[in-house]
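Reproduced below: run.pdb, with PDB, C-alpha atoms.
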```pdb
ATOM      1  CA  MET A   1       0.000   0.000   0.000
ATOM      2  CA  THR A   2       1.305   3.450  -0.923
ATOM      3  CA  VAL A   3       1.369   5.942   1.959
ATOM      4  CA  VAL A   4       1.539   9.631   1.080
ATOM      5  CA  VAL A   5       2.113  12.867   2.969
ATOM      6  CA  SER A   6      -0.928  15.087   2.507
ATOM      7  CA  GLY A   7      -0.331  17.754   5.148
ATOM      8  CA  VAL A   8       2.587  19.456   6.899
ATOM      9  CA  GLY A   9       2.705  21.821   9.852
ATOM     10  CA  VAL A  10       5.899  23.549  11.003
ATOM     11  CA  VAL A  11       6.019  25.720  14.104
ATOM     12  CA  LEU A  12       9.547  26.928  14.870
ATOM     13  CA  PRO A  13      10.817  30.344  15.906
ATOM     14  CA  ARG A  14      12.583  30.697  12.527
ATOM     15  CA  ALA A  15      10.388  28.614  10.216
ATOM     16  CA  ARG A  16       6.639  28.310   9.722
ATOM     17  CA  SER A  17       6.478  26.157   6.581
ATOM     18  CA  ALA A  18       8.144  23.127   5.024
ATOM     19  CA  PRO A  19      10.030  25.130   2.345
ATOM     20  CA  GLU A  20      11.474  27.387   5.059
ATOM     21  CA  LEU A  21      13.158  24.335   6.606
ATOM     22  CA  MET A  22      15.305  24.134   3.458
ATOM     23  CA  ALA A  23      16.065  27.872   3.275
ATOM     24  CA  PRO A  24      18.693  29.772   5.264
ATOM     25  CA  ALA A  25      17.007  30.619   8.554
ATOM     26  CA  ALA A  26      16.758  34.137   9.935
ATOM     27  CA  ALA A  27      19.503  35.073  12.367
ATOM     28  CA  ASP A  28      17.108  35.412  15.274
ATOM     29  CA  ALA A  29      13.421  35.193  16.000
ATOM     30  CA  PRO A  30      11.208  35.413  19.082
ATOM     31  CA  PRO A  31       9.837  32.231  20.680
ATOM     32  CA  VAL A  32       6.599  30.808  19.297
ATOM     33  CA  GLU A  33       3.508  32.157  21.061
ATOM     34  CA  PRO A  34       0.857  29.402  20.853
ATOM     35  CA  LYS A  35      -1.982  31.796  21.744
ATOM     36  CA  ASP A  36      -1.181  33.822  18.624
ATOM     37  CA  LEU A  37      -1.582  30.721  16.439
ATOM     38  CA  VAL A  38      -4.481  28.790  17.972
ATOM     39  CA  GLY A  39      -6.006  31.244  20.434
ATOM     40  CA  ARG A  40      -6.017  31.084  24.225
ATOM     41  CA  LYS A  41      -8.828  28.562  24.617
ATOM     42  CA  GLY A  42      -7.619  25.237  25.980
ATOM     43  CA  LEU A  43      -4.016  26.330  26.638
ATOM     44  CA  ARG A  44      -4.320  26.946  30.364
ATOM     45  CA  TYR A  45      -2.536  24.324  32.487
ATOM     46  CA  LYS A  46      -1.019  22.697  29.374
ATOM     47  CA  ASP A  47       2.763  22.325  29.270
ATOM     48  CA  ARG A  48       4.692  24.066  26.503
ATOM     49  CA  ALA A  49       5.296  20.885  24.507
ATOM     50  CA  THR A  50       1.562  20.205  24.322
ATOM     51  CA  GLN A  51       0.816  23.810  23.360
ATOM     52  CA  LEU A  52       3.406  23.663  20.561
ATOM     53  CA  ALA A  53       1.949  20.341  19.403
ATOM     54  CA  TYR A  54      -1.509  21.946  19.202
ATOM     55  CA  CYS A  55      -0.100  24.576  16.843
ATOM     56  CA  ALA A  56       1.665  22.115  14.542
ATOM     57  CA  ALA A  57      -1.304  19.740  14.521
ATOM     58  CA  ASP A  58      -3.699  22.552  13.608
ATOM     59  CA  ALA A  59      -1.434  23.654  10.739
ATOM     60  CA  ALA A  60      -0.979  20.121   9.355
ATOM     61  CA  LEU A  61      -4.665  19.178   9.585
ATOM     62  CA  ARG A  62      -5.633  22.394   7.809
ATOM     63  CA  HIS A  63      -2.984  21.890   5.142
ATOM     64  CA  ALA A  64      -4.373  18.403   4.519
ATOM     65  CA  GLY A  65      -7.925  19.766   4.245
ATOM     66  CA  LEU A  66      -9.122  17.806   7.274
ATOM     67  CA  LEU A  67     -10.452  20.807   9.219
ATOM     68  CA  ASP A  68     -13.289  23.088   8.151
ATOM     69  CA  ASP A  69     -13.271  26.858   8.605
ATOM     70  CA  GLY A  70     -14.590  26.494  12.137
ATOM     71  CA  GLY A  71     -11.931  23.988  13.127
ATOM     72  CA  GLY A  72     -14.233  20.975  12.909
ATOM     73  CA  LEU A  73     -13.005  17.653  11.580
ATOM     74  CA  ARG A  74     -14.185  16.834   8.046
ATOM     75  CA  VAL A  75     -13.696  13.059   8.418
ATOM     76  CA  PRO A  76     -14.799  10.593  11.127
ATOM     77  CA  GLY A  77     -12.685  10.930  14.256
ATOM     78  CA  ARG A  78     -12.053   7.181  14.360
ATOM     79  CA  SER A  79     -10.376   7.409  10.953
ATOM     80  CA  VAL A  80      -7.425   9.430  12.264
ATOM     81  CA  ALA A  81      -4.644   8.029  14.466
ATOM     82  CA  VAL A  82      -2.192  10.143  16.450
ATOM     83  CA  VAL A  83       1.464   9.167  16.787
ATOM     84  CA  ALA A  84       3.622  11.659  18.703
ATOM     85  CA  SER A  85       7.327  11.746  19.488
ATOM     86  CA  SER A  86       9.171  13.737  22.159
ATOM     87  CA  ASN A  87      12.076  12.835  24.405
ATOM     88  CA  TYR A  88      11.918  15.909  26.669
ATOM     89  CA  GLY A  89       8.261  16.916  26.325
ATOM     90  CA  ASN A  90       7.182  16.873  29.975
ATOM     91  CA  LEU A  91      10.610  16.804  31.619
ATOM     92  CA  ASP A  92       9.985  20.142  33.335
ATOM     93  CA  THR A  93       6.732  18.845  34.854
ATOM     94  CA  ILE A  94       8.458  15.704  36.155
ATOM     95  CA  CYS A  95      11.332  17.694  37.662
ATOM     96  CA  ARG A  96       8.908  20.092  39.315
ATOM     97  CA  ALA A  97       6.901  17.212  40.789
ATOM     98  CA  ILE A  98      10.025  15.505  42.122
ATOM     99  CA  ASP A  99      11.247  18.739  43.709
ATOM    100  CA  THR A 100       7.857  19.266  45.358
ATOM    101  CA  ILE A 101       7.793  15.732  46.766
ATOM    102  CA  ALA A 102      11.385  16.044  48.007
ATOM    103  CA  GLU A 103      10.810  19.402  49.694
ATOM    104  CA  HIS A 104       7.299  18.714  51.007
ATOM    105  CA  THR A 105       5.134  15.649  50.319
ATOM    106  CA  ALA A 106       3.212  14.201  47.387
ATOM    107  CA  ALA A 107       0.105  15.892  48.809
ATOM    108  CA  ALA A 108       1.663  19.292  48.035
ATOM    109  CA  GLY A 109       1.637  18.637  44.289
ATOM    110  CA  SER A 110      -0.645  20.527  41.929
ATOM    111  CA  ALA A 111      -3.752  18.737  40.697
ATOM    112  CA  MET A 112      -3.450  20.744  37.465
ATOM    113  CA  ASP A 113       0.039  19.345  36.876
ATOM    114  CA  LEU A 114      -0.957  15.716  37.345
ATOM    115  CA  PRO A 115      -2.173  15.024  33.771
ATOM    116  CA  ASN A 116       1.011  16.600  32.402
ATOM    117  CA  ALA A 117       3.123  14.066  34.307
ATOM    118  CA  SER A 118       2.026  11.302  31.929
ATOM    119  CA  SER A 119       4.440  10.553  29.089
ATOM    120  CA  ASN A 120       1.440  10.256  26.764
ATOM    121  CA  VAL A 121       0.136  13.739  27.508
ATOM    122  CA  ILE A 122       1.061  15.207  24.101
ATOM    123  CA  ALA A 123      -0.575  12.504  21.991
ATOM    124  CA  SER A 124      -3.665  12.226  24.176
ATOM    125  CA  SER A 125      -4.198  15.985  24.528
ATOM    126  CA  VAL A 126      -3.952  16.546  20.764
ATOM    127  CA  ALA A 127      -6.417  13.711  20.137
ATOM    128  CA  ILE A 128      -8.917  15.203  22.592
ATOM    129  CA  ARG A 129      -8.577  18.736  21.236
ATOM    130  CA  PHE A 130      -9.194  17.744  17.613
ATOM    131  CA  GLY A 131     -11.511  14.773  18.172
ATOM    132  CA  LEU A 132      -9.084  12.208  16.743
ATOM    133  CA  ARG A 133     -10.329   8.863  18.058
ATOM    134  CA  GLY A 134      -8.116   6.397  16.191
ATOM    135  CA  PRO A 135      -5.109   4.588  17.722
ATOM    136  CA  ASN A 136      -3.021   6.829  19.955
ATOM    137  CA  LEU A 137       0.721   6.299  20.464
ATOM    138  CA  MET A 138       3.481   8.262  22.190
ATOM    139  CA  LEU A 139       7.145   7.486  21.489
ATOM    140  CA  CYS A 140      10.044   8.596  23.695
ATOM    141  CA  ASN A 141      12.628   6.483  21.927
ATOM    142  CA  GLY A 142      15.840   8.483  21.838
ATOM    143  CA  ALA A 143      17.549   9.588  18.646
ATOM    144  CA  THR A 144      15.373   7.556  16.269
ATOM    145  CA  SER A 145      12.070   8.445  17.938
ATOM    146  CA  GLY A 146      10.760  10.821  15.254
ATOM    147  CA  LEU A 147      11.451   8.474  12.344
ATOM    148  CA  ASP A 148      10.051   5.572  14.350
ATOM    149  CA  ALA A 149       6.849   7.595  14.837
ATOM    150  CA  VAL A 150       6.524   8.129  11.078
ATOM    151  CA  HIS A 151       7.116   4.413  10.538
ATOM    152  CA  TRP A 152       4.479   3.365  13.094
ATOM    153  CA  ALA A 153       1.943   5.733  11.581
ATOM    154  CA  ALA A 154       2.557   4.166   8.152
ATOM    155  CA  THR A 155       2.318   0.706   9.726
ATOM    156  CA  LEU A 156      -1.104   1.510  11.207
ATOM    157  CA  ILE A 157      -2.284   2.590   7.759
ATOM    158  CA  ARG A 158      -0.793  -0.368   5.878
ATOM    159  CA  GLY A 159      -2.218  -2.712   8.510
ATOM    160  CA  GLY A 160      -5.735  -1.401   7.888
ATOM    161  CA  ARG A 161      -6.236   0.132  11.338
ATOM    162  CA  VAL A 162      -6.913   3.634   9.969
ATOM    163  CA  PRO A 163      -6.737   5.339   6.577
ATOM    164  CA  ARG A 164      -4.781   8.304   7.931
ATOM    165  CA  ALA A 165      -2.636   9.446  10.854
ATOM    166  CA  LEU A 166      -1.336  12.658  12.382
ATOM    167  CA  VAL A 167       2.375  12.396  13.247
ATOM    168  CA  LEU A 168       3.854  14.906  15.698
ATOM    169  CA  GLY A 169       7.399  15.700  16.760
ATOM    170  CA  VAL A 170       7.949  18.316  19.459
ATOM    171  CA  GLU A 171      10.704  19.397  21.833
ATOM    172  CA  PRO A 172      10.460  22.354  24.238
ATOM    173  CA  ASP A 173      13.348  24.478  25.446
ATOM    174  CA  ASN A 174      13.429  25.169  29.178
ATOM    175  CA  ALA A 175      15.792  25.066  32.159
ATOM    176  CA  SER A 176      15.090  21.388  32.887
ATOM    177  CA  VAL A 177      15.867  20.334  29.322
ATOM    178  CA  ARG A 178      19.043  22.412  29.169
ATOM    179  CA  ALA A 179      20.236  20.932  32.461
ATOM    180  CA  PHE A 180      19.586  17.417  31.145
ATOM    181  CA  THR A 181      21.300  18.039  27.793
ATOM    182  CA  GLY A 182      24.337  19.791  29.243
ATOM    183  CA  GLY A 183      23.267  23.236  28.094
ATOM    184  CA  ALA A 184      22.129  22.381  24.565
ATOM    185  CA  ARG A 185      19.091  24.261  23.329
ATOM    186  CA  THR A 186      16.332  22.385  21.552
ATOM    187  CA  ILE A 187      14.249  23.566  18.624
ATOM    188  CA  ASP A 188      11.555  24.814  21.046
ATOM    189  CA  GLY A 189       8.990  23.994  18.427
ATOM    190  CA  ALA A 190       7.087  21.253  16.652
ATOM    191  CA  ALA A 191       6.444  19.647  13.285
ATOM    192  CA  ALA A 192       3.469  17.591  12.173
ATOM    193  CA  LEU A 193       2.630  15.410   9.193
ATOM    194  CA  VAL A 194      -0.661  14.027   7.966
ATOM    195  CA  VAL A 195       0.067  10.685   6.322
ATOM    196  CA  GLU A 196      -2.598   8.589   4.655
ATOM    197  CA  SER A 197      -3.167   5.883   2.133
ATOM    198  CA  GLU A 198      -3.018   6.967  -1.487
ATOM    199  CA  GLU A 199      -6.624   5.821  -1.894
ATOM    200  CA  SER A 200      -7.780   7.923   1.048
ATOM    201  CA  ALA A 201      -6.101  11.062  -0.311
ATOM    202  CA  ALA A 202      -7.559  10.452  -3.775
ATOM    203  CA  GLU A 203     -11.070   9.993  -2.391
ATOM    204  CA  ARG A 204     -10.833  13.361  -0.648
ATOM    205  CA  GLY A 205      -9.238  15.028  -3.657
ATOM    206  CA  ALA A 206      -6.275  15.935  -1.449
ATOM    207  CA  SER A 207      -2.896  16.807  -2.901
ATOM    208  CA  ALA A 208      -0.009  14.606  -1.785
ATOM    209  CA  PRO A 209       3.399  16.223  -2.314
ATOM    210  CA  ALA A 210       5.436  13.259  -1.047
ATOM    211  CA  VAL A 211       5.379   9.484  -0.782
ATOM    212  CA  LEU A 212       6.821   7.535   2.144
ATOM    213  CA  GLY A 213       9.188   4.832   0.938
ATOM    214  CA  ASP A 214      11.211   2.182   2.699
ATOM    215  CA  TYR A 215      12.106   2.343   6.391
ATOM    216  CA  VAL A 216      15.110   0.574   7.888
ATOM    217  CA  ARG A 217      16.399   0.312  11.438
ATOM    218  CA  GLY A 218      19.538  -1.286  12.835
ATOM    219  CA  ALA A 219      22.956  -0.813  14.420
ATOM    220  CA  GLY A 220      25.243   1.657  12.703
ATOM    221  CA  LEU A 221      24.517   4.611  10.465
ATOM    222  CA  GLY A 222      26.659   3.330   7.588
ATOM    223  CA  ARG A 223      24.960  -0.055   7.562
ATOM    224  CA  CYS A 224      21.560   1.625   7.849
ATOM    225  CA  LEU A 225      22.295   3.773   4.785
ATOM    226  CA  GLU A 226      23.495   0.772   2.789
ATOM    227  CA  ARG A 227      20.288  -1.116   3.591
ATOM    228  CA  LEU A 228      18.192   1.908   2.644
ATOM    229  CA  ALA A 229      19.997   2.224  -0.704
ATOM    230  CA  ALA A 230      19.520  -1.499  -1.369
ATOM    231  CA  ALA A 231      15.811  -1.247  -0.538
ATOM    232  CA  THR A 232      15.161   1.803  -2.716
ATOM    233  CA  GLY A 233      17.524   0.898  -5.572
ATOM    234  CA  ASP A 234      18.609   4.542  -5.798
ATOM    235  CA  ARG A 235      21.206   6.960  -4.463
ATOM    236  CA  PRO A 236      19.600   9.871  -2.633
ATOM    237  CA  ALA A 237      19.490  13.363  -4.083
ATOM    238  CA  LEU A 238      19.354  14.815  -0.557
ATOM    239  CA  TRP A 239      20.577  13.405   2.740
ATOM    240  CA  GLN A 240      18.983  14.714   5.932
ATOM    241  CA  LEU A 241      21.736  14.251   8.496
ATOM    242  CA  PRO A 242      21.371  12.730  11.963
ATOM    243  CA  GLU A 243      22.413  14.904  14.886
ATOM    244  CA  GLN A 244      25.297  12.675  15.994
ATOM    245  CA  ARG A 245      27.562  11.089  13.404
ATOM    246  CA  THR A 246      30.608   9.086  14.446
ATOM    247  CA  ALA A 247      30.116   6.008  12.280
ATOM    248  CA  ALA A 248      31.888   5.776   8.950
ATOM    249  CA  VAL A 249      29.685   6.350   5.916
ATOM    250  CA  PRO A 250      30.612   4.698   2.601
ATOM    251  CA  ASP A 251      31.968   7.392   0.256
ATOM    252  CA  THR A 252      30.718   5.487  -2.775
ATOM    253  CA  LEU A 253      27.174   5.700  -1.451
ATOM    254  CA  LEU A 254      26.912   9.411  -0.683
ATOM    255  CA  ALA A 255      29.640  11.084  -2.730
ATOM    256  CA  GLY A 256      28.255  14.273  -4.260
ATOM    257  CA  VAL A 257      24.924  14.013  -2.446
ATOM    258  CA  VAL A 258      23.485  17.262  -1.071
ATOM    259  CA  ARG A 259      23.562  17.176   2.741
ATOM    260  CA  HIS A 260      21.289  19.124   5.053
ATOM    261  CA  ASP A 261      21.679  19.428   8.817
ATOM    262  CA  LEU A 262      18.519  20.696  10.508
ATOM    263  CA  GLY A 263      20.139  20.564  13.944
ATOM    264  CA  GLU A 264      22.904  22.928  12.864
ATOM    265  CA  VAL A 265      20.330  25.474  11.717
ATOM    266  CA  PHE A 266      17.473  25.136  14.222
ATOM    267  CA  GLY A 267      18.920  23.470  17.335
ATOM    268  CA  LEU A 268      18.620  20.055  18.955
ATOM    269  CA  GLY A 269      15.698  18.203  17.392
ATOM    270  CA  SER A 270      15.958  14.977  19.419
ATOM    271  CA  GLY A 271      12.560  13.254  19.345
ATOM    272  CA  ALA A 272      11.208  15.765  16.835
ATOM    273  CA  LEU A 273      14.094  15.422  14.381
ATOM    274  CA  GLY A 274      12.726  12.631  12.196
ATOM    275  CA  VAL A 275       9.377  14.380  11.748
ATOM    276  CA  LEU A 276      11.171  17.627  10.931
ATOM    277  CA  GLN A 277      13.328  15.812   8.375
ATOM    278  CA  CYS A 278      10.272  14.428   6.604
ATOM    279  CA  ALA A 279       8.692  17.882   6.630
ATOM    280  CA  ALA A 280      11.919  19.309   5.202
ATOM    281  CA  ALA A 281      11.818  16.692   2.431
ATOM    282  CA  VAL A 282       8.381  18.007   1.472
ATOM    283  CA  GLY A 283       9.941  21.482   1.471
ATOM    284  CA  TRP A 284      12.723  20.210  -0.802
ATOM    285  CA  PHE A 285      10.162  18.933  -3.309
ATOM    286  CA  ALA A 286       8.176  22.183  -3.078
ATOM    287  CA  ARG A 287      11.330  24.143  -3.949
ATOM    288  CA  GLY A 288      11.869  22.053  -7.063
ATOM    289  CA  GLY A 289      14.128  19.352  -5.659
ATOM    290  CA  ALA A 290      13.924  15.832  -7.027
ATOM    291  CA  GLY A 291      14.115  12.759  -4.798
ATOM    292  CA  PRO A 292      14.752  10.413  -3.340
ATOM    293  CA  VAL A 293      15.456  12.013   0.032
ATOM    294  CA  TYR A 294      16.986  10.030   2.884
ATOM    295  CA  ALA A 295      15.933  11.085   6.384
ATOM    296  CA  THR A 296      18.245   9.513   8.953
ATOM    297  CA  ALA A 297      18.662   9.502  12.723
ATOM    298  CA  GLY A 298      20.864   7.651  15.169
ATOM    299  CA  THR A 299      24.155   7.824  17.002
ATOM    300  CA  ASP A 300      27.274   5.689  16.575
ATOM    301  CA  ALA A 301      28.011   2.228  15.257
ATOM    302  CA  ASP A 302      26.982   0.531  18.501
ATOM    303  CA  ASP A 303      23.579   2.198  18.789
ATOM    304  CA  ALA A 304      20.377   2.070  16.779
ATOM    305  CA  SER A 305      20.044   4.106  13.622
ATOM    306  CA  ALA A 306      17.005   4.519  11.400
ATOM    307  CA  GLY A 307      16.235   5.870   7.974
ATOM    308  CA  ILE A 308      13.253   6.575   5.734
ATOM    309  CA  ALA A 309      13.273   7.325   2.020
ATOM    310  CA  LEU A 310      10.813   9.848   0.569
ATOM    311  CA  ARG A 311      10.018  10.730  -3.016
ATOM    312  CA  GLY A 312       8.239  13.644  -4.583
ATOM    313  CA  ARG A 313       4.710  12.808  -5.713
ATOM    314  CA  ALA A 314       5.531  13.538  -9.341
ATOM    315  CA  ALA A 315       8.271  10.885  -9.235
ATOM    316  CA  VAL A 316       5.890   7.932  -8.796
TER     317      VAL A 316
END
```

Translate this structure into structure tokens?
Amino acid sequence: MTVVVSGVGVVLPRARSAPELMAPAAADAPPVEPKDLVGRKGLRYKDRATQLAYCAADAALRHAGLLDDGGGLRVPGRSVAVVASSNYGNLDTICRAIDTIAEHTAAAGSAMDLPNASSNVIASSVAIRFGLRGPNLMLCNGATSGLDAVHWAATLIRGGRVPRALVLGVEPDNASVRAFTGGARTIDGAAALVVESEESAAERGASAPAVLGDYVRGAGLGRCLERLAAATGDRPALWQLPEQRTAAVPDTLLAGVVRHDLGEVFGLGSGALGVLQCAAAVGWFARGGAGPVYATAGTDADDASAGIALRGRAAV
């Protein structure tokens, strides 16, 4: 079954669309203000990661034509799954709760904070806000988390569970995250994709700028890239780089290939990186680039790496 990308939402301080992910970013920009994008309603007591996810989800669902002018869902709620990825999403809430328990007792904790202490808060809150009643998954899976989320969304569709899914990647920037990452600043933003079966998009008359191709996962970035090339039968035109690269990459495989490092431009993507990479691939196609595009994530030769190939819709 062919799975296509029919909607993209990008909410970063220095980028608000997929093509902007492939353009030189502005030198500086103020933090995203969720209330300016989706209004104040429903934001109170929600952590920043969830608020950012609301913004990206709203943008992607609208881009895919799944929301009407009033924000209502145009398709049955049970037909849309939610798969979200974030490694640091509610870290500040957890740290605050631990500090409160250590200094006082568990009884001193805030009842308003309690729902935000769940790792699934982003995926579940987005589903409730937009009435998405299909399968609901939250991944906190390290470097490959974002690409794994895209893969699991495609798996739900190919397995017949739902015809479409909303994929989210979000990482907030705050004192707790910077302390955990040794001072590194995250993207403090979110990206979202609507992926669906080709048949579903055609029935709705939705445009589909990209097609999800093969996904591979295993130990070692070099080996992962070799497997991806073998599966697709093509060298990439664009390589979306992982944030940590210590493994050797075969020169014969990627010599002359355009390389793009989102982390270098926008900050630590972590659990959001894979979703951002797929959104950037859509931006590459929109700017006239031809595929295939390899989106890759992972660390060194001893850790898991993952990759997904994407092609422009005109290429299939």

Take atom CA of A:Val257 and atom CA of A:Gly233 and report the distance between them in Å, one decimal.
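Going from atom CA of A:Val257 over to atom CA of A:Gly233 covers 15.4 Å.
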
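Across A:Ala279, A:Ala230, A:Ala184, A:Ala149, the tightest approach to A:Ala15 is made by A:Ala279 when counting only C-alpha atoms.
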
Quick check on the file I pasted: which residues fall under the PyMOL selection byres ((chain A and resi 16) around 12)? Write them as a ChimeraX atom specification.
/A:8-15,17-23,25-26,29,32,37,55-56,59-60,189-192,276,279-280,283

For the selection you just gave me, I'd like the residues written to a file as a CSV table (one decimal), keeping the file's coordinate frame, keeping C-alpha atoms.
```csv
chain,number,residue,atom,x,y,z
A,8,VAL,CA,2.6,19.5,6.9
A,9,GLY,CA,2.7,21.8,9.9
A,10,VAL,CA,5.9,23.5,11.0
A,11,VAL,CA,6.0,25.7,14.1
A,12,LEU,CA,9.5,26.9,14.9
A,13,PRO,CA,10.8,30.3,15.9
A,14,ARG,CA,12.6,30.7,12.5
A,15,ALA,CA,10.4,28.6,10.2
A,17,SER,CA,6.5,26.2,6.6
A,18,ALA,CA,8.1,23.1,5.0
A,19,PRO,CA,10.0,25.1,2.3
A,20,GLU,CA,11.5,27.4,5.1
A,21,LEU,CA,13.2,24.3,6.6
A,22,MET,CA,15.3,24.1,3.5
A,23,ALA,CA,16.1,27.9,3.3
A,25,ALA,CA,17.0,30.6,8.6
A,26,ALA,CA,16.8,34.1,9.9
A,29,ALA,CA,13.4,35.2,16.0
A,32,VAL,CA,6.6,30.8,19.3
A,37,LEU,CA,-1.6,30.7,16.4
A,55,CYS,CA,-0.1,24.6,16.8
A,56,ALA,CA,1.7,22.1,14.5
A,59,ALA,CA,-1.4,23.7,10.7
A,60,ALA,CA,-1.0,20.1,9.4
A,189,GLY,CA,9.0,24.0,18.4
A,190,ALA,CA,7.1,21.3,16.7
A,191,ALA,CA,6.4,19.6,13.3
A,192,ALA,CA,3.5,17.6,12.2
A,276,LEU,CA,11.2,17.6,10.9
A,279,ALA,CA,8.7,17.9,6.6
A,280,ALA,CA,11.9,19.3,5.2
A,283,GLY,CA,9.9,21.5,1.5
```

Under the PyMOL selection byres ((chain A and resi 292-297) around 6), which residues of this model are included? Write them out as a list in words.
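With the PyMOL selection byres ((chain A and resi 292-297) around 6) on this model, the match is Thr144, Pro236, Ala237, Leu238, Trp239, Gln240, Leu241, Pro242, Gln277, Gly291, Gly298, Ser305, Ala306, Gly307, Ile308, Ala309, Leu310 and Arg311 of chain A.
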
Can you translate the PyMOL selection byres ((chain A and resi 208) around 7) into the concrete residues it hits in this file, as a PDB file with C-alpha atoms, in the coordinates of the input?
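expr.pdb, written as the output of this step:
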```pdb
ATOM      1  CA  VAL A   4       1.539   9.631   1.080  1.00  0.00           C
ATOM      2  CA  VAL A   5       2.113  12.867   2.969  1.00  0.00           C
ATOM      3  CA  SER A   6      -0.928  15.087   2.507  1.00  0.00           C
ATOM      4  CA  ALA A 206      -6.275  15.935  -1.449  1.00  0.00           C
ATOM      5  CA  SER A 207      -2.896  16.807  -2.901  1.00  0.00           C
ATOM      6  CA  PRO A 209       3.399  16.223  -2.314  1.00  0.00           C
ATOM      7  CA  ALA A 210       5.436  13.259  -1.047  1.00  0.00           C
ATOM      8  CA  ARG A 313       4.710  12.808  -5.713  1.00  0.00           C
TER       9      ARG A 313
END
```

Env of A:Ala231: 9 Å cut, atoms = all atoms listed in the file, seq-sep filter 2 positions within chain, self excluded. Answer as a PyMOL selection string.
chain A and resi 214-216+226-229+233-234

Requested write-out: C-alpha atoms of the selected residues, as a PDB file, in the frame of the given file:
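again-v3.pdb, freshly written:
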```pdb
ATOM      1  CA  ASP A 214      11.211   2.182   2.699  1.00  0.00           C
ATOM      2  CA  TYR A 215      12.106   2.343   6.391  1.00  0.00           C
ATOM      3  CA  VAL A 216      15.110   0.574   7.888  1.00  0.00           C
ATOM      4  CA  GLU A 226      23.495   0.772   2.789  1.00  0.00           C
ATOM      5  CA  ARG A 227      20.288  -1.116   3.591  1.00  0.00           C
ATOM      6  CA  LEU A 228      18.192   1.908   2.644  1.00  0.00           C
ATOM      7  CA  ALA A 229      19.997   2.224  -0.704  1.00  0.00           C
ATOM      8  CA  GLY A 233      17.524   0.898  -5.572  1.00  0.00           C
ATOM      9  CA  ASP A 234      18.609   4.542  -5.798  1.00  0.00           C
TER      10      ASP A 234
END
```

A straight line from atom CA of A:Lys41 to atom CA of A:Tyr54 spans 11.3 Å

Counting all atoms listed in the file, the residue of A:Ala165, A:Trp152, A:Arg44, A:Gly142 that sits nearest A:Val80
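Nearest to A:Val80: A:Ala165.
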
Just to confirm, what's the straight-line distance from atom CA of A:Pro135 to atom CA of A:Asp148 in Å (one decimal)?
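Going from atom CA of A:Pro135 over to atom CA of A:Asp148 covers 15.6 Å.
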
Edge lengths and centre, in Å to one decimal, as lines of an AutoDock Vina configuration file: that's what I need for the box along x, y and z that holds all listed atoms of stretch 188-199 of chain A plus 8 Å on each side.
```
center_x = 2.5
center_y = 15.3
center_z = 9.6
size_x = 34.2
size_y = 35.0
size_z = 38.9
```

Among the residues A:Thr50, A:Ser79, A:Asn174, A:Ser119, the one that comes closest to A:Leu132 [using all atoms listed in the file]
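Closest candidate: A:Ser79.
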
Using all atoms listed in the file, which residues sit within 9 Å of A:Val170 once same-chain residues fewer than 6 positions away are excluded, as number ranges by chain?
A: 49-50, 52-53, 56, 84-89, 122, 187-192, 269-273, 275

Same residues, C-alpha atoms, saved as a CSV table (one decimal), keeping the file's coordinate frame:
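Okay, this is what ended up in selection_19.csv:
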```csv
chain,number,residue,atom,x,y,z
A,49,ALA,CA,5.3,20.9,24.5
A,50,THR,CA,1.6,20.2,24.3
A,52,LEU,CA,3.4,23.7,20.6
A,53,ALA,CA,1.9,20.3,19.4
A,56,ALA,CA,1.7,22.1,14.5
A,84,ALA,CA,3.6,11.7,18.7
A,85,SER,CA,7.3,11.7,19.5
A,86,SER,CA,9.2,13.7,22.2
A,87,ASN,CA,12.1,12.8,24.4
A,88,TYR,CA,11.9,15.9,26.7
A,89,GLY,CA,8.3,16.9,26.3
A,122,ILE,CA,1.1,15.2,24.1
A,187,ILE,CA,14.2,23.6,18.6
A,188,ASP,CA,11.6,24.8,21.0
A,189,GLY,CA,9.0,24.0,18.4
A,190,ALA,CA,7.1,21.3,16.7
A,191,ALA,CA,6.4,19.6,13.3
A,192,ALA,CA,3.5,17.6,12.2
A,269,GLY,CA,15.7,18.2,17.4
A,270,SER,CA,16.0,15.0,19.4
A,271,GLY,CA,12.6,13.3,19.3
A,272,ALA,CA,11.2,15.8,16.8
A,273,LEU,CA,14.1,15.4,14.4
A,275,VAL,CA,9.4,14.4,11.7
```

Could you tell me which of A:Asn90, A:Gln244, A:Thr232, A:Ser125 comes closest to A:Ala304 if we count all atoms listed in the file?
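Under the stated criterion, the closest residue is A:Gln244.
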
Which residue, A:His104, A:Gly159, A:Pro115, A:Pro24, has the smallest gap to A:Asp261 when you use only C-alpha atoms?
A:Pro24

Return the single residue from A:Arg158, A:Glu171, A:Phe130, A:Cys278 that is closest to A:Leu67, with distances computed using all atoms listed in the file.
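Nearest candidate to A:Leu67 out of A:Arg158, A:Glu171, A:Phe130, A:Cys278: A:Phe130.
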